[in-house]
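Peer 1: Contents of query-v2.cif (mmCIF, C-alpha atoms) are below:
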```cif
data_my_file
#
loop_
_atom_site.label_atom_id
_atom_site.label_comp_id
_atom_site.auth_asym_id
_atom_site.auth_seq_id
_atom_site.Cartn_x
_atom_site.Cartn_y
_atom_site.Cartn_z
CA MET E 1 -21.11 -10.36 16.51
CA GLU E 2 -19.56 -9.42 19.84
CA LEU E 3 -15.89 -9.57 20.82
CA PHE E 4 -14.22 -8.87 24.12
CA ALA E 5 -10.61 -7.63 24.08
CA GLU E 6 -8.48 -7.80 27.20
CA GLN E 7 -6.52 -4.88 25.75
CA ALA E 8 -7.21 -2.95 22.54
CA LEU E 9 -5.71 0.06 20.79
CA LEU E 10 -8.42 2.74 20.50
CA PRO E 11 -8.02 6.24 19.04
CA ASP E 12 -7.41 7.64 22.54
CA GLY E 13 -4.88 4.96 23.46
CA TRP E 14 -4.77 1.47 24.89
CA ARG E 15 -7.80 0.44 26.93
CA ARG E 16 -8.72 -2.64 28.93
CA ASN E 17 -11.74 -4.97 28.82
CA VAL E 18 -13.14 -3.57 25.59
CA ARG E 19 -16.52 -4.76 24.32
CA ILE E 20 -16.65 -4.64 20.52
CA THR E 21 -19.99 -4.97 18.76
CA VAL E 22 -20.16 -5.50 14.99
CA SER E 23 -23.38 -4.70 13.13
CA SER E 24 -24.88 -6.75 10.32
CA ASP E 25 -23.64 -4.23 7.73
CA GLY E 26 -20.01 -4.91 8.61
CA ARG E 27 -19.31 -1.83 10.74
CA PHE E 28 -18.49 -1.29 14.37
CA ASP E 29 -21.70 -0.58 16.23
CA ALA E 30 -20.11 0.05 19.63
CA ILE E 31 -16.64 0.11 21.21
CA VAL E 32 -16.93 0.19 24.99
CA PRO E 33 -13.86 -0.06 27.26
CA ASP E 34 -13.94 -1.06 30.94
CA SER E 35 -16.83 -3.44 30.29
CA ASP E 36 -17.91 -6.78 31.62
CA MET E 37 -17.64 -9.61 29.15
CA PRO E 38 -21.00 -10.20 27.46
CA ALA E 39 -22.38 -13.71 27.36
CA GLY E 40 -21.43 -15.41 24.10
CA ALA E 41 -18.71 -12.93 23.13
CA GLU E 42 -15.40 -14.16 21.70
CA ARG E 43 -12.55 -13.32 24.08
CA LYS E 44 -9.33 -11.97 22.54
CA ALA E 45 -6.13 -10.97 24.32
CA ILE E 46 -4.72 -8.17 22.11
CA VAL E 47 -6.68 -6.32 19.41
CA VAL E 48 -5.28 -3.57 17.16
CA PRO E 49 -6.56 -1.72 14.09
CA SER E 50 -5.40 -3.39 10.90
CA GLN E 51 -2.96 -1.64 8.59
CA LEU E 52 -3.37 -0.29 5.06
CA SER E 53 -1.02 -0.71 2.12
CA LEU E 54 -1.31 2.60 0.27
CA HIS E 55 0.72 1.50 -2.75
CA SER E 56 0.74 -1.87 -4.51
CA HIS E 57 1.51 -3.32 -7.93
CA ALA E 58 -0.18 -6.70 -7.56
CA PHE E 59 1.20 -8.36 -10.69
CA GLN E 60 4.78 -7.85 -9.48
CA ARG E 61 4.18 -10.49 -6.78
CA GLY E 62 4.69 -12.92 -9.66
CA MET E 63 8.42 -12.04 -9.81
CA ALA E 64 9.23 -11.83 -6.09
CA GLY E 65 12.85 -12.90 -5.54
CA LEU E 66 13.61 -13.38 -9.24
CA ALA E 67 15.40 -10.07 -9.79
CA GLU E 68 18.25 -10.54 -7.31
CA SER E 69 20.96 -11.59 -9.80
CA ARG E 70 23.22 -8.87 -11.19
CA GLN E 71 22.50 -8.49 -14.90
CA ASN E 72 25.23 -5.95 -15.64
CA PRO E 73 28.00 -4.23 -13.64
CA ALA E 74 25.72 -1.31 -12.73
CA ASP E 75 22.49 -2.99 -11.59
CA THR E 76 19.92 -0.34 -10.65
CA PHE E 77 16.19 0.36 -10.59
CA TRP E 78 16.36 0.81 -14.36
CA THR E 79 17.73 -2.70 -14.97
CA TRP E 80 15.14 -4.15 -12.56
CA ARG E 81 12.47 -2.35 -14.54
CA ARG E 82 13.37 -4.28 -17.71
CA LEU E 83 12.73 -7.57 -15.90
CA MET E 84 9.42 -6.23 -14.60
CA TYR E 85 8.38 -5.31 -18.15
CA GLN E 86 9.02 -8.89 -19.26
CA LEU E 87 6.45 -10.14 -16.75
CA ALA E 88 3.97 -7.36 -17.59
CA HIS E 89 4.26 -8.27 -21.28
CA ARG E 90 2.97 -11.81 -20.68
CA ILE E 91 0.31 -11.70 -18.00
CA SER E 92 -3.33 -12.36 -18.96
CA PRO E 93 -6.48 -11.12 -17.17
CA ALA E 94 -7.07 -14.54 -15.57
CA GLN E 95 -3.44 -14.70 -14.44
CA MET E 96 -3.70 -11.18 -13.04
CA GLN E 97 -6.68 -12.30 -10.96
CA ASP E 98 -4.86 -15.38 -9.66
CA ILE E 99 -1.76 -13.41 -8.65
CA ALA E 100 -3.75 -10.58 -7.08
CA SER E 101 -5.89 -13.06 -5.13
CA TYR E 102 -2.81 -14.70 -3.68
CA LEU E 103 -1.17 -11.38 -2.85
CA TYR E 104 -4.29 -10.01 -1.18
CA MET E 105 -4.60 -13.21 0.83
CA GLU E 106 -1.00 -12.74 1.97
CA MET E 107 -1.78 -9.15 2.91
CA LEU E 108 -4.70 -10.18 5.08
CA THR E 109 -2.63 -12.85 6.79
CA ALA E 110 0.10 -10.28 7.53
CA GLY E 111 -2.32 -7.72 9.02
CA TYR E 112 -3.40 -5.48 6.11
CA THR E 113 -7.14 -5.16 5.39
CA GLN E 114 -7.02 -2.36 2.81
CA VAL E 115 -4.86 -1.88 -0.27
CA ALA E 116 -4.54 0.95 -2.78
CA GLU E 117 -3.75 -0.74 -6.09
CA PHE E 118 -1.76 1.53 -8.43
CA HIS E 119 -2.96 -0.15 -11.58
CA TYR E 120 -1.52 0.63 -14.99
CA LEU E 121 -1.64 -2.75 -16.80
CA HIS E 122 -4.77 -2.03 -18.85
CA HIS E 123 -4.39 -3.63 -22.30
CA ALA E 124 -3.53 -6.89 -24.00
CA SER E 125 -0.09 -7.51 -25.51
CA GLY E 126 0.83 -4.93 -28.13
CA GLY E 127 -1.46 -2.37 -26.53
CA VAL E 128 -4.62 -3.90 -27.99
CA ALA E 129 -7.72 -2.92 -26.00
CA TYR E 130 -9.84 -5.63 -24.42
CA GLY E 131 -13.48 -5.86 -25.45
CA GLN E 132 -14.31 -4.64 -21.95
CA VAL E 133 -12.04 -1.62 -21.54
CA ALA E 134 -11.90 -2.09 -17.75
CA GLU E 135 -11.18 -5.84 -18.00
CA MET E 136 -7.93 -5.80 -16.02
CA SER E 137 -9.35 -3.44 -13.39
CA LEU E 138 -12.38 -5.63 -12.91
CA ARG E 139 -10.15 -8.69 -12.49
CA VAL E 140 -8.27 -6.96 -9.68
CA GLY E 141 -11.59 -6.17 -8.04
CA GLU E 142 -12.72 -9.79 -8.32
CA ALA E 143 -9.52 -10.88 -6.60
CA ALA E 144 -10.07 -8.48 -3.70
CA HIS E 145 -13.73 -9.44 -3.39
CA ALA E 146 -12.97 -13.17 -3.40
CA VAL E 147 -10.48 -13.05 -0.53
CA GLY E 148 -12.25 -10.28 1.38
CA ILE E 149 -9.87 -7.31 1.47
CA GLY E 150 -10.73 -3.64 1.05
CA LEU E 151 -9.53 -2.22 -2.26
CA THR E 152 -8.98 1.31 -3.49
CA LEU E 153 -8.29 0.81 -7.19
CA LEU E 154 -6.27 3.56 -8.85
CA PRO E 155 -6.62 3.27 -12.66
CA THR E 156 -3.38 4.94 -13.71
CA LEU E 157 -2.73 7.33 -16.56
CA TYR E 158 0.43 6.51 -18.54
CA GLU E 159 0.88 8.65 -21.68
CA ARG E 160 4.52 9.03 -22.68
CA GLY E 161 8.02 7.65 -22.25
CA GLY E 162 9.77 10.64 -20.67
CA PHE E 163 9.74 14.32 -19.78
CA ASP E 164 10.60 15.18 -23.39
CA GLY E 165 7.34 13.65 -24.63
CA ARG E 166 8.97 10.70 -26.39
CA PRO E 167 6.65 7.79 -27.22
CA LEU E 168 6.33 4.75 -25.03
CA GLN E 169 8.68 1.82 -25.57
CA GLU E 170 7.32 -1.39 -27.01
CA ALA E 171 7.48 -2.94 -23.53
CA GLN E 172 5.21 -0.16 -22.21
CA GLU E 173 2.44 -0.52 -24.81
CA ARG E 174 0.14 -2.38 -22.42
CA PHE E 175 0.21 0.66 -20.11
CA ALA E 176 -0.64 3.30 -22.74
CA THR E 177 -3.71 5.39 -21.92
CA THR E 178 -5.24 8.81 -22.43
CA PRO E 179 -7.12 10.92 -19.88
CA GLU E 180 -10.34 10.07 -21.70
CA LEU E 181 -9.68 6.34 -21.51
CA ILE E 182 -8.82 6.47 -17.81
CA GLY E 183 -12.03 8.42 -17.24
CA ARG E 184 -13.97 5.59 -18.89
CA ILE E 185 -12.22 2.93 -16.81
CA VAL E 186 -12.93 4.84 -13.60
CA SER E 187 -16.59 5.26 -14.53
CA GLU E 188 -17.15 1.68 -15.68
CA THR E 189 -15.39 0.20 -12.68
CA ARG E 190 -17.36 2.29 -10.19
CA SER E 191 -20.59 1.26 -11.88
CA ALA E 192 -19.67 -2.43 -11.85
CA TRP E 193 -18.80 -2.30 -8.15
CA ALA E 194 -21.98 -0.67 -6.93
CA GLY E 195 -23.16 -2.62 -3.92
CA ARG E 196 -19.70 -3.95 -3.05
CA PRO E 197 -18.71 -1.87 -0.01
CA LEU E 198 -15.11 -3.15 0.13
CA LEU E 199 -14.33 -1.87 -3.38
CA SER E 200 -13.74 1.78 -4.31
CA VAL E 201 -11.99 3.76 -7.05
CA GLY E 202 -9.56 6.69 -7.11
CA LEU E 203 -7.05 7.88 -9.70
CA GLY E 204 -3.39 7.27 -10.44
CA LEU E 205 -0.97 9.42 -12.44
CA HIS E 206 2.02 7.24 -13.15
CA SER E 207 4.68 9.95 -12.82
CA LEU E 208 5.62 13.38 -14.12
CA ARG E 209 7.77 11.76 -16.79
CA ALA E 210 4.78 9.72 -18.03
CA VAL E 211 1.94 12.26 -17.64
CA ASP E 212 1.30 15.76 -18.97
CA LEU E 213 -0.36 17.54 -16.03
CA GLU E 214 -2.01 20.10 -18.28
CA ALA E 215 -3.56 17.41 -20.46
CA ALA E 216 -4.79 15.63 -17.33
CA SER E 217 -6.38 18.74 -15.78
CA ASP E 218 -9.98 17.86 -16.68
CA LEU E 219 -9.50 14.32 -15.37
CA LEU E 220 -8.19 15.72 -12.06
CA VAL E 221 -11.09 18.17 -11.75
CA ALA E 222 -13.60 15.34 -12.24
CA GLN E 223 -11.91 13.10 -9.69
CA THR E 224 -13.60 12.96 -6.27
CA GLY E 225 -11.47 10.25 -4.66
CA PRO E 226 -7.78 10.02 -3.83
CA VAL E 227 -5.08 10.91 -6.38
CA HIS E 228 -1.71 9.12 -6.32
CA ILE E 229 1.50 9.75 -8.26
CA HIS E 230 5.03 8.33 -8.29
CA VAL E 231 7.45 11.20 -7.80
CA ALA E 232 11.19 11.73 -7.22
CA GLU E 233 11.91 8.05 -6.67
CA GLN E 234 15.25 8.10 -8.51
CA GLN E 235 18.04 10.67 -8.88
CA LYS E 236 17.93 10.16 -12.66
CA GLU E 237 14.29 11.24 -12.63
CA VAL E 238 15.17 14.40 -10.69
CA GLU E 239 17.98 15.26 -13.12
CA GLU E 240 15.76 14.74 -16.20
CA CYS E 241 12.99 16.82 -14.67
CA VAL E 242 15.33 19.73 -13.95
CA ALA E 243 16.78 19.51 -17.46
CA SER E 244 13.33 19.41 -19.04
CA VAL E 245 11.22 21.90 -17.04
CA GLY E 246 13.80 23.73 -14.91
CA ALA E 247 12.43 22.48 -11.61
CA ARG E 248 12.71 19.46 -9.32
CA PRO E 249 9.78 16.98 -9.50
CA VAL E 250 7.99 17.80 -6.24
CA GLU E 251 8.69 21.50 -6.73
CA TYR E 252 7.12 21.31 -10.19
CA LEU E 253 4.16 19.24 -9.01
CA LEU E 254 3.32 21.59 -6.13
CA SER E 255 3.38 24.60 -8.47
CA HIS E 256 1.39 23.02 -11.33
CA ALA E 257 -1.31 21.00 -9.54
CA ASP E 258 -3.71 21.64 -6.67
CA VAL E 259 -1.99 19.18 -4.35
CA ASP E 260 -3.95 18.78 -1.13
CA GLU E 261 -5.05 16.13 1.36
CA ARG E 262 -6.50 13.95 -1.41
CA TRP E 263 -3.05 13.37 -2.86
CA CYS E 264 -0.52 10.68 -2.09
CA LEU E 265 3.02 11.35 -3.33
CA VAL E 266 4.56 7.91 -3.63
CA HIS E 267 8.25 7.59 -2.67
CA ALA E 268 9.18 11.31 -2.92
CA THR E 269 12.62 10.08 -1.94
CA HIS E 270 14.85 12.84 -3.30
CA LEU E 271 13.68 16.18 -1.96
CA SER E 272 15.21 19.58 -1.32
CA SER E 273 14.50 21.24 2.03
CA SER E 274 11.97 23.56 0.40
CA GLU E 275 10.21 20.59 -1.22
CA VAL E 276 10.02 18.84 2.16
CA ALA E 277 8.37 21.89 3.72
CA GLY E 278 6.04 22.45 0.76
CA MET E 279 4.91 18.85 0.67
CA ALA E 280 4.20 18.88 4.42
CA ARG E 281 2.21 22.12 4.10
CA SER E 282 0.11 20.73 1.26
CA GLY E 283 -1.45 18.07 3.47
CA ALA E 284 -0.56 15.32 1.00
CA VAL E 285 0.48 11.92 2.30
CA ALA E 286 3.97 10.62 1.60
CA GLY E 287 3.55 7.07 0.33
CA LEU E 288 6.63 5.33 1.73
CA CYS E 289 7.49 1.78 0.62
CA PRO E 290 10.64 1.00 2.62
CA ILE E 291 11.09 -2.65 1.63
CA THR E 292 10.80 -1.93 -2.09
CA GLU E 293 12.85 1.26 -1.83
CA ALA E 294 15.60 -0.73 -0.11
CA ASN E 295 15.29 -3.60 -2.59
CA LEU E 296 15.64 -1.25 -5.56
CA GLY E 297 18.32 0.94 -4.02
CA ASP E 298 16.17 4.06 -4.32
CA GLY E 299 17.54 5.94 -1.33
CA LEU E 300 16.14 7.17 1.99
CA PHE E 301 13.21 9.52 2.40
CA PRO E 302 14.06 12.61 4.54
CA LEU E 303 11.70 11.49 7.31
CA GLU E 304 13.22 13.51 10.16
CA SER E 305 12.72 16.91 8.56
CA TYR E 306 9.38 15.90 7.05
CA VAL E 307 7.75 14.84 10.32
CA ASN E 308 9.21 17.84 12.11
CA ASP E 309 7.41 19.98 9.50
CA GLY E 310 4.16 18.16 10.32
CA GLY E 311 4.12 15.89 7.27
CA ARG E 312 1.90 12.80 7.07
CA PHE E 313 2.96 9.40 5.77
CA GLY E 314 1.73 5.86 5.28
CA ILE E 315 3.28 2.61 4.12
CA GLY E 316 2.91 0.63 0.90
CA SER E 317 3.96 -2.84 -0.19
CA ASP E 318 4.71 -1.61 -3.74
CA SER E 319 6.55 -4.41 -5.60
CA ASN E 320 5.31 -6.95 -3.03
CA VAL E 321 8.67 -8.68 -2.85
CA LEU E 322 7.93 -9.21 0.86
CA VAL E 323 4.49 -8.59 2.37
CA SER E 324 4.46 -7.37 5.97
CA PRO E 325 3.39 -4.04 7.50
CA TRP E 326 5.57 -4.86 10.50
CA GLU E 327 8.65 -5.25 8.31
CA GLU E 328 7.81 -2.07 6.38
CA LEU E 329 7.81 -0.06 9.62
CA ARG E 330 10.95 -1.76 10.91
CA THR E 331 12.79 -1.10 7.64
CA LEU E 332 11.64 2.52 7.67
CA GLU E 333 12.96 3.08 11.18
CA TYR E 334 16.21 1.16 10.73
CA GLY E 335 17.01 3.07 7.55
CA GLN E 336 16.63 6.33 9.43
CA ARG E 337 18.81 5.02 12.30
CA LEU E 338 21.59 4.10 9.90
CA PHE E 339 21.35 7.48 8.20
CA THR E 340 21.20 9.64 11.35
CA GLN E 341 23.31 7.34 13.57
CA THR E 342 20.72 7.71 16.32
CA ARG E 343 18.02 5.48 17.78
CA CYS E 344 14.24 6.05 17.75
CA ALA E 345 14.98 8.18 14.72
CA ALA E 346 11.46 8.48 13.29
CA LEU E 347 10.02 10.26 16.30
CA PRO E 348 9.60 14.02 15.89
CA ALA E 349 12.04 16.25 17.78
CA GLU E 350 11.41 16.35 21.53
CA THR E 351 8.84 13.54 21.30
CA LEU E 352 9.30 10.83 23.94
CA GLY E 353 7.78 7.38 24.09
CA SER E 354 7.37 4.30 21.92
CA THR E 355 8.81 4.30 18.42
CA GLY E 356 6.70 1.34 17.34
CA GLY E 357 3.51 2.85 18.73
CA TRP E 358 4.13 6.18 17.01
CA LEU E 359 5.00 4.58 13.66
CA TYR E 360 1.97 2.30 13.75
CA ARG E 361 -0.45 5.15 14.47
CA GLN E 362 1.04 7.41 11.80
CA ALA E 363 0.79 4.66 9.20
CA LEU E 364 -2.87 4.07 10.11
CA ASP E 365 -3.74 7.74 9.66
CA GLY E 366 -1.73 8.22 6.47
CA GLY E 367 -3.04 5.00 4.97
CA ARG E 368 -6.64 5.92 5.73
CA ARG E 369 -6.26 9.27 4.02
CA ALA E 370 -4.44 7.86 1.00
CA CYS E 371 -7.09 5.17 0.52
CA GLY E 372 -9.90 7.73 0.64
CA LEU E 373 -11.56 6.37 3.79
CA GLU E 374 -13.49 8.62 6.17
CA ALA E 375 -12.96 6.57 9.32
CA TRP E 376 -10.59 3.83 10.40
CA GLY E 377 -9.72 1.93 13.54
CA LEU E 378 -11.66 0.76 16.56
CA VAL E 379 -14.32 3.45 16.51
CA ALA E 380 -18.10 3.23 16.19
CA GLY E 381 -19.19 3.70 12.58
CA ALA E 382 -15.91 2.61 11.00
CA ARG E 383 -15.71 -0.50 8.88
CA ALA E 384 -15.25 -3.48 11.18
CA ASP E 385 -11.59 -4.29 10.47
CA LEU E 386 -9.13 -5.43 13.13
CA CYS E 387 -6.24 -7.75 13.92
CA VAL E 388 -6.00 -10.10 16.84
CA LEU E 389 -2.33 -10.50 17.66
CA ASP E 390 -0.77 -13.85 18.49
CA GLU E 391 0.94 -13.63 21.88
CA ASP E 392 2.96 -16.76 21.08
CA LEU E 393 4.65 -14.93 18.17
CA LEU E 394 5.68 -11.95 20.28
CA PRO E 395 9.20 -12.21 21.73
CA LEU E 396 8.13 -11.78 25.37
CA PRO E 397 5.00 -12.66 27.36
CA TYR E 398 2.67 -10.33 29.28
CA LEU E 399 3.39 -7.25 27.17
CA GLN E 400 1.15 -4.24 27.64
CA ASP E 401 0.24 -1.14 25.65
CA ASP E 402 2.81 0.21 23.17
CA ALA E 403 5.33 -2.38 24.30
CA VAL E 404 3.17 -4.74 22.23
CA LEU E 405 3.77 -2.72 19.05
CA ASP E 406 7.47 -2.22 19.78
CA ALA E 407 7.83 -5.99 20.16
CA ALA E 408 5.69 -6.77 17.11
CA ILE E 409 7.67 -4.43 14.86
CA PHE E 410 11.20 -4.81 16.19
CA GLY E 411 11.28 -8.21 17.91
CA SER E 412 9.10 -10.63 15.96
CA ARG E 413 10.48 -12.85 13.21
CA GLN E 414 7.12 -13.04 11.39
CA PRO E 415 3.89 -11.03 11.39
CA PRO E 416 2.41 -11.75 14.85
CA VAL E 417 -1.15 -11.98 13.52
CA LYS E 418 -3.61 -14.65 14.63
CA ASN E 419 -7.06 -13.56 13.41
CA VAL E 420 -8.13 -10.85 10.97
CA LEU E 421 -11.57 -9.29 10.61
CA CYS E 422 -12.44 -7.25 7.49
CA GLY E 423 -15.85 -5.81 6.79
CA GLY E 424 -17.26 -7.63 9.81
CA GLN E 425 -16.20 -11.08 8.63
CA TRP E 426 -13.32 -13.25 9.75
CA ARG E 427 -10.92 -13.65 6.85
CA VAL E 428 -7.99 -15.17 8.77
CA ARG E 429 -8.28 -17.66 11.62
CA ASP E 430 -5.29 -19.04 13.53
CA GLY E 431 -2.91 -17.40 11.07
CA ARG E 432 -4.46 -18.97 7.97
CA HIS E 433 -6.80 -17.47 5.39
CA LEU E 434 -10.06 -19.36 5.03
CA ASN E 435 -9.46 -19.88 1.28
CA HIS E 436 -5.76 -20.57 1.57
CA ASP E 437 -5.57 -23.89 -0.27
CA SER E 438 -7.58 -22.98 -3.39
CA VAL E 439 -6.02 -19.51 -3.77
CA THR E 440 -2.51 -20.92 -3.35
CA ALA E 441 -3.07 -23.71 -5.88
CA ALA E 442 -4.33 -21.25 -8.52
CA PHE E 443 -1.37 -18.94 -7.91
CA ARG E 444 1.14 -21.75 -8.29
CA ARG E 445 -0.41 -22.93 -11.53
CA THR E 446 -0.30 -19.42 -12.94
CA VAL E 447 3.28 -18.72 -11.93
CA ARG E 448 4.42 -22.07 -13.34
CA THR E 449 2.84 -21.11 -16.69
CA LEU E 450 4.26 -17.57 -16.69
CA LEU E 451 7.77 -18.69 -15.84
CA ASP E 452 7.69 -21.86 -17.99
CA LEU E 453 8.82 -23.99 -15.05
#
```
With the file now loaded, output its structure as structure tokens.
Peer 2:
Amino acid sequence: MELFAEQALLPDGWRRNVRITVSSDGRFDAIVPDSDMPAGAERKAIVVPSQLSLHSHAFQRGMAGLAESRQNPADTFWTWRRLMYQLAHRISPAQMQDIASYLYMEMLTAGYTQVAEFHYLHHASGGVAYGQVAEMSLRVGEAAHAVGIGLTLLPTLYERGGFDGRPLQEAQERFATTPELIGRIVSETRSAWAGRPLLSVGLGLHSLRAVDLEAASDLLVAQTGPVHIHVAEQQKEVEECVASVGARPVEYLLSHADVDERWCLVHATHLSSSEVAGMARSGAVAGLCPITEANLGDGLFPLESYVNDGGRFGIGSDSNVLVSPWEELRTLEYGQRLFTQTRCAALPAETLGSTGGWLYRQALDGGRRACGLEAWGLVAGARADLCVLDEDLLPLPYLQDDAVLDAAIFGSRQPPVKNVLCGGQWRVRDGRHLNHDSVTAAFRRTVRTLLDL
């Protein structure tokens, strides 16, 4: 396959008249700017690397918009969590696959071609194991494979109900695992996915309140892929951690685990200045999920100090209440503007230029690292993933270079995505996934059953 982009975002910046050659194994064979258009090539106006969602809970797409009614006078993350547990209690493996397929189709249509799935729904109701211990994990993989998105599955350890070691609640029984069980799920899933290049496996630790780091040490040593953990999302979590172990969550994590570039610290919202600096030094990626964090009232990540310390970050769709990398980046920047009462607030100190361009590039790099990928973007040897933007959905015509990304993030009412290539195959054409009708019908049937509509 050969494409010809009038302008394309390459690792060294925007270039013109770019010849893009895709090999039969689904990778970029050559990226050549300042070229003549080859005979038979597809001509595209604007081509950019596709984004990566570094944190997703696929099943929660089945409750999008249903948790927006106040259930008590103090509605918080913790009341939302009870509603989420109600959905988790009911969902079957087949329903998980239907919901994940629909979500991943939405992701592709919005401009994501890779997702890290933080997966902790392992058992049947009551905590009963499936005959195939990796049943739920394999269903998520089938969903990704069917719609054609890259997946980094993170089978997630979930051992206890709090820092004090209390047992899991009844509503959490489907999540209950041991390090040994997670090791089995990782191994069996990797084996089942041999020969499927879009599917890979890492490791999730649900949170410090749900995992004993010492007990998980052997599991961490054996892990070769990325490691993700929820941390410091809520003030209540910080307070309980201090009361239990005498340290703040990120402080404790950095001193009790070998946190390095393999790690993604999801949310990390409530940090002290020393935690900010320590997290940046570690090389870990901050997994920021601005739409979900705003939806749940989590708070604002200290982005200004973190990026000034050299910290890396990427974006995640998390609860999947709204699926758009463009909106994630806009929400991230606008939250910082409201907090600092300045504009272009995400840019490091003394950095001039495009806010949208800088945010987009940072999210690409952080997402690549968090998903455990060696290469990403329009570069020879990388997996052949890209987005063709729709000029008709941008607010102004004739935009060039980073003005394209500024307009796409801050001026477009919907994801300005026309065509999406993943693994060398077109998954989205003219803004519509090739399997849209069948995937949507299955999703609607499943949601109707789950919600008894």
Peer 1: Which residue is closest to E:Cys289? Choose from E:Pro11, E:Pro415, E:Gly316, E:Gly62 and count all atoms listed in the file.
Peer 2: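 Among E:Pro11, E:Pro415, E:Gly316, E:Gly62, it is E:Gly316 that comes nearest to E:Cys289.
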Peer 1: Go through the shown structure with the PyMOL selection byres ((chain E and resi 387) around 8) and write out the matching residues as a PDB file with C-alpha atoms, in the frame of the given file.
Peer 2:
```
ATOM      1  CA  VAL E  47      -6.680  -6.320  19.410  1.00  0.00           C
ATOM      2  CA  VAL E  48      -5.280  -3.570  17.160  1.00  0.00           C
ATOM      3  CA  PRO E  49      -6.560  -1.720  14.090  1.00  0.00           C
ATOM      4  CA  SER E  50      -5.400  -3.390  10.900  1.00  0.00           C
ATOM      5  CA  GLY E 111      -2.320  -7.720   9.020  1.00  0.00           C
ATOM      6  CA  ASP E 385     -11.590  -4.290  10.470  1.00  0.00           C
ATOM      7  CA  LEU E 386      -9.130  -5.430  13.130  1.00  0.00           C
ATOM      8  CA  VAL E 388      -6.000 -10.100  16.840  1.00  0.00           C
ATOM      9  CA  LEU E 389      -2.330 -10.500  17.660  1.00  0.00           C
ATOM     10  CA  VAL E 417      -1.150 -11.980  13.520  1.00  0.00           C
ATOM     11  CA  LYS E 418      -3.610 -14.650  14.630  1.00  0.00           C
ATOM     12  CA  ASN E 419      -7.060 -13.560  13.410  1.00  0.00           C
ATOM     13  CA  VAL E 420      -8.130 -10.850  10.970  1.00  0.00           C
ATOM     14  CA  LEU E 421     -11.570  -9.290  10.610  1.00  0.00           C
TER      15      LEU E 421
END
```
Peer 1: Tell me which residues the PyMOL selection byres ((chain E and resi 107) around 10) grabs here, as a PyMOL selection string.
Peer 2: chain E and resi 51-53+101-106+108-115+149+317+320+322-325
Peer 1: Might you pull out every residue within 8 Å of E:Ser23, with all atoms listed in the file counted and same-chain residues fewer than 6 positions away left off, and present them as number ranges by chain?
Peer 2: E: 1, 29, 424
Peer 1: I need the residue set behind the PyMOL selection byres ((chain E and resi 266-281) around 9) for this file; please write it as an NGL selection string.
Peer 2: :E and (54-55 or 228-235 or 238 or 248-251 or 254 or 259-260 or 264-265 or 282-290 or 293 or 298-302 or 305-307 or 309-312 or 316)
Peer 1: In Å, rounded to a single decimal, give me how far atom CA of E:Met136 is from atom CA of E:Pro155.
Peer 2: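 Taking atom CA of E:Pro155 as the start and atom CA of E:Met136 as the end point, the length is 9.8 Å.
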Peer 1: Determine, for each residue of stretch 347-377 of chain E having at least one atom at most 10 Å from an atom of stretch 200-220 of chain E, the closest pair of atoms and their separation in Å to one decimal, counting all atoms listed in the file; order by chain and ascending number, as JSON lines.
Peer 2:
```
{"residue": "E:Ala370", "atom": "CA", "partner": "E:Gly202", "partner_atom": "CA", "distance": 9.7}
{"residue": "E:Cys371", "atom": "CA", "partner": "E:Gly202", "partner_atom": "CA", "distance": 8.2}
{"residue": "E:Gly372", "atom": "CA", "partner": "E:Gly202", "partner_atom": "CA", "distance": 7.8}
{"residue": "E:Leu373", "atom": "CA", "partner": "E:Ser200", "partner_atom": "CA", "distance": 9.6}
```
Peer 1: Could you list, as a PyMOL selection string, every residue within 9 Å of E:Asn435, counting all atoms listed in the file and ignoring same-chain residues fewer than 4 positions away?
Peer 2: chain E and resi 105+146-147+427-428+439-440
Peer 1: What's the separation between atom CA of E:Thr292 and atom CA of E:Thr331, in Å to one decimal place?
Peer 2: 10.0 Å
Peer 1: Using all atoms listed in the file for the distances, tell me which of E:Glu117, E:Asp75, E:Glu240, E:Glu261 is nearest to E:Ser56.
Peer 2: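 Result for the nearest residue to E:Ser56: E:Glu117.
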Peer 1: Which polymer residues have any atom within 10 Å of an atom of E:Phe410, counting only C-alpha atoms, with same-chain residues fewer than 3 positions away left out, as a tab-separated table (two decimals) with C-alpha atoms, in the coordinates of the input?
Peer 2:
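Result file follows (result31.tsv):
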```tsv
chain	number	residue	atom	x	y	z
E	326	TRP	CA	5.57	-4.86	10.50
E	327	GLU	CA	8.65	-5.25	8.31
E	329	LEU	CA	7.81	-0.06	9.62
E	330	ARG	CA	10.95	-1.76	10.91
E	331	THR	CA	12.79	-1.10	7.64
E	333	GLU	CA	12.96	3.08	11.18
E	334	TYR	CA	16.21	1.16	10.73
E	355	THR	CA	8.81	4.30	18.42
E	356	GLY	CA	6.70	1.34	17.34
E	394	LEU	CA	5.68	-11.95	20.28
E	395	PRO	CA	9.20	-12.21	21.73
E	405	LEU	CA	3.77	-2.72	19.05
E	406	ASP	CA	7.47	-2.22	19.78
E	407	ALA	CA	7.83	-5.99	20.16
E	413	ARG	CA	10.48	-12.85	13.21
```
Peer 1: Between E:Gln425, E:Gln400, E:Ser35, E:Ser125, which has the minimum distance to E:Gly13 (counting all atoms listed in the file)?
Peer 2: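 Of E:Gln425, E:Gln400, E:Ser35, E:Ser125, the one nearest E:Gly13 is E:Gln400, counting all atoms listed in the file.
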Peer 1: Any chance you could work out the axis-aligned box around stretch 22-40 of chain E, listed atoms only, 4 Å on each side, giving centre and edge lengths in Å to one decimal, as AutoDock Vina command-line options?
Peer 2:
```
--center_x -19.4 --center_y -7.6 --center_z 19.7 --size_x 19.0 --size_y 23.6 --size_z 31.9
```
